[in-house]
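These notes are about the structure you will find just below.
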Amino acid sequence: MRELMLERGGDSDTSHACMSGCIIRCSNCFASTTGELIVSPVEFETIGLVGSNLGIDNLDDIARLNWEINDLGLDTIEVGAALGVAAEGGLLEFGDADRAMTLLHEIRSGTTLGKVLGNGVVATGRHLNVERVAAVKGQAMSAYDPRAIKGNGVTYATSPQGADHTCGNCIRAEIDHLSPEGQVECRVIIKSRWPVMTLWALFCLVGLVLQVLLVHLET
């Protein structure tokens with residue numbers, strides 16, 4: 001994606017600061033072939049749930065779907081998961097970005113189907129009688145797959161918010177992520193520090209530095 005953005009130039013920006021003064025600049029601006037901005041940013045979660053989860057591998061299609069979901073004020077994880085269940089239920093073919101956009105227009109128009117999709121993956125599964133729904137406590141799973149990061153599975157199971165990777169993402173812990181051993185202890189440590197890191201990040205850039213320091217102290 002970075003190479004494509006650099007090639008296109010224009011409004012593309014591979015290292016964009018969401019807020020003035022940020023030195024990490026982890027965001028991006030994704031532009032079209034003519035250099036005009038489509039959306040900012042295209043994130044890992046969106047590529048995972050709106051892209052590969054739906055069998056869509058064209059970044060331009062993903063970016064346009066991303067913009068539409070943002071403009072609706074909805075979460076790309078939840079909507080991407082709902083569209084995946086919709087595909088399982090026969091409402092679209094995997095890989096059909098145009099049909100996915102049409103379903104997003106259903107949400108915008110407030111049709112009965114749009115209201116179902118807009119209410120998320122669990123509501124969509126119930127409406128279409130799809131039993132295999134990747135959600136915990138009503139919330140769609142993120143692109144951090146708990147089958148590969150078992151500590152996140154513990155986070156999803158024990159968090160009051162369900163499948164929320166921001167309630168304790170264990171991906172950086174120095175542990176065998178495929179083994180069940182030590183995952184609960186890992187989750188407890190990460191969770192105990194997560195609110196502090198989040199609080200600082202909300203108020204000042206010191207929070208970003210503090211998060212890095214806490215991770216180093218843990219390891």
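Simple scheme: letters A, B, ... for chains in structure tokens order, numbers from 1 for residues in each chain, numbers from 1 for ligands in the order shown.
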*Write out as a count of residues only which residues come within 10 Å of segment 48-65 of chain A when counting only C-alpha atoms, dropping same-chain ones fewer than 4 positions away.*
46
*asked:* Please list as JSON, numbers by chain every residue within 8 Å of Asp164 of chain A, counting only C-alpha atoms and excluding residues in the same chain fewer than 4 positions away.
replied: {"A": [139, 141, 142, 155, 156, 159, 168]}
*Could you tell me which of A:Lys137, A:Arg25, A:Arg147, A:His177 comes closest to Gln161 of chain A if we count only C-alpha atoms?*
A:Lys137
*Please run DSSP on the backbone and report, as number ranges by chain, all residues within segment 11-162 of chain A that come out as helix (DSSP H, G or I).*
A: 44-54, 59-72, 76-88, 97-109, 112-118, 121-128, 150-158
